[in-house]
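A short write-up of the structure that comes next.
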Amino acid sequence: MSRGMYSVPKAYNEPVLTYAPGSPERLELKRTIEELRRQEMDIPMRIGGEEVRTKDRRSIHPPHALRHILGYYYMGEAAHVHRAIDAALKVRTGWQELPWGQRAAIFLRAADLISGPYRAKINAATMLSQSKNVHQAEIDAACEFADFLRFNVEFMAEIYQQQPISAKGIWNRMEQRPLEGFVYALTPFNFTSIAGNLPSAPALMGNVVVWKPSNTQIYSANVIMEIFREAGLPEGVINMITVPGPVGGKVMSTHPDFVGVHFTGSTEVFKKIWKAIGENVMLHNTYPKIVGETGGKDFVVVHNTANVNQVVTALSRGAFEYQGQKCSAASRAYIPRSLWTEIKEKMVADIQSFKIGGPEDFTNFFNAVIDEAAFDKITSYIDKAKGDPGTEIICGGGYDKSEGYFIDPTVILTEDPHYVTMREEIFGPVLTIYVYEDEGFEDMLDLVDKTSPYALTGAVFAKDRFIINLASEKLVNAAGNFYINDKPTGAVVGQQPFGGARASGTNDKSGSYLNLLRWVSPRTIKENLNPPQDYRYPFLEND
Ligand code: NAD
């Protein structure tokens with residue numbers, strides 16, 4: 001029971017720490033990395049407060065140091081998905097009836113734990129298990145995750161405050177009911193913050209959740225569960241299971257109490273999930289909400305009025321930070337002939353200066369890709385480009401998986417604007433460049449719009465305002481996050497709500513109120529303060 005109209009603490013973006021030599025955060029993080037490397041973490045599933053292990057124990061290795069063991073997790077099966085759903089449904093009523101301020105406090109406390117005492121641990125776990133350098137881990141696992149939690153609390157309060165008007169003698173109200181069943185959260189390997197946000201956003205809105213993290217993110221997913229428990233999240237509200245994706249997907253889509261899926265991952269998997277849900281619609285008690293943020297083929301368009309150094313930095317960072325494994329990573333660039341020689345020279349010099357290796361050595365800018373399947377897929381594109389006519393590898397092209405999954409940052413130059421690496425998501429450190437004739441800028445914008453099925457992020461670099469306006473208009477549907485004179489990566493919660501349309505997802509904008517609205521079912525209540533007592537209207541009277 002609430003006895004006040006509470007306002008929530010003002011959300012803010014967690015400041016990004018520098019980890020410069022000698023800083024206290026650097027010392028603590030290095031100590032934590034050492035400590036984690038000395039242990040072998042045992043990671044059970046978490047179902048309704050129980051730790052669940054199976055006979056199928058699997059080892060976890062840093063992608064950059066394959067001989068090292070970080071720990072073990074246990075692969076479950078369909079029965080575990082059912083158990084997790086039952087555990088969630090068991091606590092549903094209690095969780096829904098808890099006043100929203102109590103739910104808010106749990107997640108605000110989790111944000112403070114992440115940005116405080118757990119900062120080093122969640123960063124270290126992300127660096128080791130997902131091969132992120134310290135800066136990439138800090139902006140993801142510590143800052144973005146804390147931002148998601150704090151801003152979502154603020155958005156929840158704003159949503160609850162939205163009320164209908166009331167005519168004289170009437171009181172109209174709107175309440176935001178949690179959904180009537182369980183939400184299934186499916187998360188990708190590449191962002192610890194997304195892994196934390198996808199189960200917690202529906203839970204904050206009063207829902208119960210079964211969460212299946214990616215197999216290659218389980219090590220830091222375990223830290224997330226530790227933080228949620230420490231913050232006081234009741235057992236059973238978020239249940240973490242480690243099962244094969246399709247096994248979990250089948251149980252989810254055929255369960256009558258399935259009310260929504262919160263997905264981030266590949267377009268291919270999302271389309272399979274959507275199809276399975278559609279095929280089973282007769283089984284569901286309600287129409288499930290389908291929220292999915294998926295792949296991208298993100299572009300950088302350069303006009304000849306652009307500043308060359310700004311373009312070069314945007315490409316070096318935008319295409320290669322976190323080894324290009326960001327859904328927003330620049331992966332195709334359109335450069336005017338007049339600027340190409342200068343851009344090429346400076347960009348190649350930048351890329352060749354990247355130091356490559358494990359993130360434990362803080363001087364390494366560039367680390368390994370996530371796993372063998374990703375390594376094999378990415379290198380198959382590189383090998384193809386080496387043999388194809390009309391394409392040239394102007395930088396990188398080498399790879400080696402003897403110690404870890406290392407692929408050199410690679411730039412392909414193509415004469416064919418429809419070449420396969422201009423169209424398909426590679427999800428690795430591969431940038432493809434097409435050089436256009438300066439006078440063909442406007443036609444080139446049509447090409448950018450039509451080349452790929454995705455529409456996630458994109459950037460235009462120009463000084464000329466008419467050109468910026470032209471690109472913004474012609475590419476209006478080509479990107480859900482559009483950047484002017486900036487790289488297409490690095491969206492910040494509360495500042496650039498994130499998501500794309502076309503094959504890139506349902507564009508429900510994580511990190512905004514729009515996403516939270518998907519996890520509630522509004523109920524409108526009309527109360528008549530002065531109910532009529534006679535059915536006859538005045539017009540029925542005789543003249
Ligand atoms: P993925 O699609 O391989 O896996 C995502 C999740 O789905 C995993 O937990 C996986 O186990 C599960 N899964 C796989 N098959 C399934 C099935 N048949 N049924 C149910 N679940 C299944 O994605 P990934 O490789 O972990 O992540 C990379 C992808 O994520 C890229 O395509 C990237 O663009 C995308 N991504 C998008 C955004 C965004 O906001 N748009 C953000 C991050 C990543």
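Simple scheme: letters A, B, ... for chains in structure tokens order, numbers from 1 for residues in each chain, numbers from 1 for ligands in the order shown.
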Please report as CSV every residue of chain A lying within 6 Å of ligand 1, along with the nearest atom pair and their distance in Å (one decimal), using only C-alpha atoms and all ligand atoms.
residue,atom,partner,partner_atom_place_in_ligand_line,distance
A:Leu186,CA,ligand 1,9 (O),4.8
A:Thr187,CA,ligand 1,9 (O),4.7
A:Pro188,CA,ligand 1,26 (O),3.3
A:Phe189,CA,ligand 1,26 (O),4.3
A:Lys212,CA,ligand 1,9 (O),5.7
A:Pro213,CA,ligand 1,9 (O),4.6
A:Ser214,CA,ligand 1,9 (O),3.6
A:Gly245,CA,ligand 1,22 (C),3.5
A:Pro246,CA,ligand 1,18 (N),3.6
A:Gly248,CA,ligand 1,20 (C),5.9
A:Gly249,CA,ligand 1,20 (C),3.8
A:Thr264,CA,ligand 1,37 (C),5.3
A:Gly265,CA,ligand 1,30 (O),3.1
A:Ser266,CA,ligand 1,32 (O),3.4
A:Val269,CA,ligand 1,2 (O),4.9
A:Ile273,CA,ligand 1,19 (N),5.6
A:Glu293,CA,ligand 1,41 (N),3.9
A:Thr294,CA,ligand 1,41 (N),4.0
A:Gly295,CA,ligand 1,34 (O),3.2
A:Gly296,CA,ligand 1,34 (O),5.3
A:Cys327,CA,ligand 1,34 (O),3.6
A:Gly499,CA,ligand 1,40 (O),5.5
- Task: Find the residues near Gly101 (chain A): any atom within 8 Å, counting only C-alpha atoms, skip ones fewer than 3 places away on the same chain, and give them as a list of chain:residue names.
- Result: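 Returned residues: A:Ser2, A:Tyr6, A:Ala104, A:Ala105.
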Expected file contents, prior selection, N, CA and C atoms, as an mmCIF file, in the first residue's frame:
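So out-v7.cif came out as:
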data_model
loop_
_atom_site.group_PDB
_atom_site.id
_atom_site.type_symbol
_atom_site.label_atom_id
_atom_site.label_comp_id
_atom_site.auth_asym_id
_atom_site.auth_seq_id
_atom_site.Cartn_x
_atom_site.Cartn_y
_atom_site.Cartn_z
ATOM 1 N N SER A 2 0.669 2.157 -0.980
ATOM 2 C CA SER A 2 1.422 3.414 -0.981
ATOM 3 C C SER A 2 0.611 4.475 -0.262
ATOM 4 N N TYR A 6 4.916 9.301 -4.492
ATOM 5 C CA TYR A 6 6.373 9.401 -4.462
ATOM 6 C C TYR A 6 6.923 9.907 -5.785
ATOM 7 N N ALA A 104 10.967 -0.384 -7.513
ATOM 8 C CA ALA A 104 11.922 0.642 -7.941
ATOM 9 C C ALA A 104 13.169 0.612 -7.051
ATOM 10 N N ALA A 105 12.952 0.487 -5.738
ATOM 11 C CA ALA A 105 14.081 0.528 -4.796
ATOM 12 C C ALA A 105 15.057 -0.617 -5.055
#
- So which residues of region 134-275 of chain A fall under helix (DSSP H, G or I) by DSSP, listed as a PyMOL selection string? chain A and resi 134-161+192-204+215-230+245-254+267-275
- Leu17 (chain A) environment, 9 Å, only C-alpha atoms, sequence neighbours closer than 4 positions dropped, as a list in words: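 Counting only C-alpha atoms, the residues come to Glu25, His135, Glu138 and Ile139 of chain A.
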Residue subset to file, keeping all heavy atoms, as a PDB file, in the first residue's frame:
ATOM      1  N   GLU A  25      40.761   3.111  -9.587  1.00  0.00           N
ATOM      2  CA  GLU A  25      39.905   2.122 -10.271  1.00  0.00           C
ATOM      3  C   GLU A  25      40.733   1.119 -11.066  1.00  0.00           C
ATOM      4  O   GLU A  25      40.377  -0.059 -11.169  1.00  0.00           O
ATOM      5  CB  GLU A  25      38.861   2.820 -11.172  1.00  0.00           C
ATOM      6  CG  GLU A  25      39.368   3.559 -12.392  1.00  0.00           C
ATOM      7  CD  GLU A  25      39.620   5.029 -12.153  1.00  0.00           C
ATOM      8  OE1 GLU A  25      39.740   5.435 -10.976  1.00  0.00           O
ATOM      9  OE2 GLU A  25      39.717   5.798 -13.150  1.00  0.00           O
ATOM     10  N   HIS A 135      37.944  -0.075 -21.438  1.00  0.00           N
ATOM     11  CA  HIS A 135      37.013   1.014 -21.752  1.00  0.00           C
ATOM     12  C   HIS A 135      35.680   0.447 -22.264  1.00  0.00           C
ATOM     13  O   HIS A 135      34.608   0.908 -21.873  1.00  0.00           O
ATOM     14  CB  HIS A 135      37.632   1.946 -22.795  1.00  0.00           C
ATOM     15  CG  HIS A 135      36.712   3.044 -23.228  1.00  0.00           C
ATOM     16  ND1 HIS A 135      36.318   4.061 -22.373  1.00  0.00           N
ATOM     17  CD2 HIS A 135      36.068   3.272 -24.409  1.00  0.00           C
ATOM     18  CE1 HIS A 135      35.484   4.870 -23.019  1.00  0.00           C
ATOM     19  NE2 HIS A 135      35.318   4.410 -24.247  1.00  0.00           N
ATOM     20  N   GLU A 138      33.810  -0.943 -19.306  1.00  0.00           N
ATOM     21  CA  GLU A 138      33.313   0.130 -18.428  1.00  0.00           C
ATOM     22  C   GLU A 138      32.049   0.794 -19.011  1.00  0.00           C
ATOM     23  O   GLU A 138      31.059   0.995 -18.293  1.00  0.00           O
ATOM     24  CB  GLU A 138      34.422   1.177 -18.229  1.00  0.00           C
ATOM     25  CG  GLU A 138      34.003   2.496 -17.589  1.00  0.00           C
ATOM     26  CD  GLU A 138      33.766   2.443 -16.092  1.00  0.00           C
ATOM     27  OE1 GLU A 138      33.955   1.367 -15.485  1.00  0.00           O
ATOM     28  OE2 GLU A 138      33.387   3.484 -15.511  1.00  0.00           O
ATOM     29  N   ILE A 139      32.060   1.095 -20.332  1.00  0.00           N
ATOM     30  CA  ILE A 139      30.893   1.791 -20.890  1.00  0.00           C
ATOM     31  C   ILE A 139      29.688   0.860 -20.999  1.00  0.00           C
ATOM     32  O   ILE A 139      28.550   1.310 -21.048  1.00  0.00           O
ATOM     33  CB  ILE A 139      31.184   2.456 -22.267  1.00  0.00           C
ATOM     34  CG1 ILE A 139      31.647   1.432 -23.305  1.00  0.00           C
ATOM     35  CG2 ILE A 139      32.200   3.566 -22.127  1.00  0.00           C
ATOM     36  CD1 ILE A 139      31.826   2.013 -24.715  1.00  0.00           C
TER      37      ILE A 139
END
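Picture a line from CA of Ser200 (chain A) to CA of Asn152 (chain A); it runs 9.4 Å.
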- Message: My list of candidates is A:Ile106, A:Ile290, A:Ala374, A:Ala78. Which is closest to Leu233 (chain A) when distances are computed with only C-alpha atoms?
- Response: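 Checking each candidate against Leu233 (chain A), we get A:Ile106 as the closest.
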- Using the chain letters and numbers from this document, which residues of region 246-288 of chain A does DSSP assign to strand (DSSP E or B), as JSON, numbers by chain? {"A": [258, 259, 260, 261, 262, 263, 264]}
- Item | Residue nearest Tyr287 (chain A) among A:Leu179, A:Ile43, A:Leu315, A:Ile394 (counting only C-alpha atoms) |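 Of A:Leu179, A:Ile43, A:Leu315, A:Ile394, the one nearest Tyr287 (chain A) is A:Leu179, counting only C-alpha atoms.
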- Smallest atom-to-atom distance to Arg518 (chain A): which of A:Ile227, A:Ala478, A:Leu470, A:Met205, using only C-alpha atoms? A:Met205
- Near Ile159 (chain A), within 9 Å and counting only C-alpha atoms, which residues show up once chain neighbours fewer than 5 positions away are dropped, as an MDAnalysis selection string? chainID A and resid 154 176 513 516:517
Since we have the selection now, will you write its residues out, keeping all heavy atoms, as an mmCIF file, in the first residue's frame?
data_model
loop_
_atom_site.group_PDB
_atom_site.id
_atom_site.type_symbol
_atom_site.label_atom_id
_atom_site.label_comp_id
_atom_site.auth_asym_id
_atom_site.auth_seq_id
_atom_site.Cartn_x
_atom_site.Cartn_y
_atom_site.Cartn_z
ATOM 1 N N GLU A 154 12.845 5.912 -13.646
ATOM 2 C CA GLU A 154 12.262 7.230 -13.945
ATOM 3 C C GLU A 154 11.152 7.109 -14.999
ATOM 4 O O GLU A 154 10.074 7.699 -14.868
ATOM 5 C CB GLU A 154 13.369 8.168 -14.439
ATOM 6 C CG GLU A 154 12.932 9.602 -14.552
ATOM 7 C CD GLU A 154 14.129 10.532 -14.755
ATOM 8 O OE1 GLU A 154 14.913 10.710 -13.801
ATOM 9 O OE2 GLU A 154 14.273 11.059 -15.867
ATOM 10 N N GLN A 176 -1.410 0.490 -14.897
ATOM 11 C CA GLN A 176 -0.571 -0.294 -15.803
ATOM 12 C C GLN A 176 -0.351 -1.668 -15.197
ATOM 13 O O GLN A 176 0.525 -1.856 -14.357
ATOM 14 C CB GLN A 176 0.770 0.426 -16.026
ATOM 15 C CG GLN A 176 0.631 1.850 -16.550
ATOM 16 C CD GLN A 176 0.097 1.904 -17.979
ATOM 17 O OE1 GLN A 176 0.014 0.891 -18.669
ATOM 18 N NE2 GLN A 176 -0.282 3.088 -18.422
ATOM 19 N N TYR A 513 10.975 5.073 -22.442
ATOM 20 C CA TYR A 513 9.661 4.653 -21.938
ATOM 21 C C TYR A 513 8.945 3.748 -22.932
ATOM 22 O O TYR A 513 8.095 2.937 -22.565
ATOM 23 C CB TYR A 513 8.798 5.893 -21.612
ATOM 24 C CG TYR A 513 8.305 6.596 -22.847
ATOM 25 C CD1 TYR A 513 7.040 6.339 -23.353
ATOM 26 C CD2 TYR A 513 9.124 7.485 -23.537
ATOM 27 C CE1 TYR A 513 6.600 6.958 -24.518
ATOM 28 C CE2 TYR A 513 8.687 8.101 -24.691
ATOM 29 C CZ TYR A 513 7.426 7.839 -25.175
ATOM 30 O OH TYR A 513 6.999 8.424 -26.334
ATOM 31 N N LEU A 516 9.308 0.140 -22.052
ATOM 32 C CA LEU A 516 8.585 -0.280 -20.835
ATOM 33 C C LEU A 516 7.086 -0.428 -21.102
ATOM 34 O O LEU A 516 6.421 -1.260 -20.478
ATOM 35 C CB LEU A 516 8.824 0.711 -19.696
ATOM 36 C CG LEU A 516 10.273 0.850 -19.234
ATOM 37 C CD1 LEU A 516 10.339 1.700 -17.975
ATOM 38 C CD2 LEU A 516 10.930 -0.496 -18.983
ATOM 39 N N LEU A 517 6.592 0.383 -22.035
ATOM 40 C CA LEU A 517 5.151 0.281 -22.357
ATOM 41 C C LEU A 517 4.779 -1.095 -22.904
ATOM 42 O O LEU A 517 3.623 -1.503 -22.838
ATOM 43 C CB LEU A 517 4.764 1.346 -23.391
ATOM 44 C CG LEU A 517 4.598 2.760 -22.854
ATOM 45 C CD1 LEU A 517 4.365 3.740 -24.005
ATOM 46 C CD2 LEU A 517 3.438 2.844 -21.861
#
- Message: Here is a test: counting only C-alpha atoms, which residue of A:Gly292, A:Asn172, A:Ile114, A:Val209 is nearest to Ala231 (chain A)?
- Response: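 Residue with the minimum atom-to-atom distance to Ala231 (chain A): A:Ile114.
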- Note on the structure: The distance between CA of Ala349 (chain A) and CA of Val312 (chain A) is 9.9 Å
- Note on the structure: For Glu425 (chain A), the closest of A:Asp86, A:Glu158, A:Glu392, A:Asp298 counting only C-alpha atoms is A:Asp298
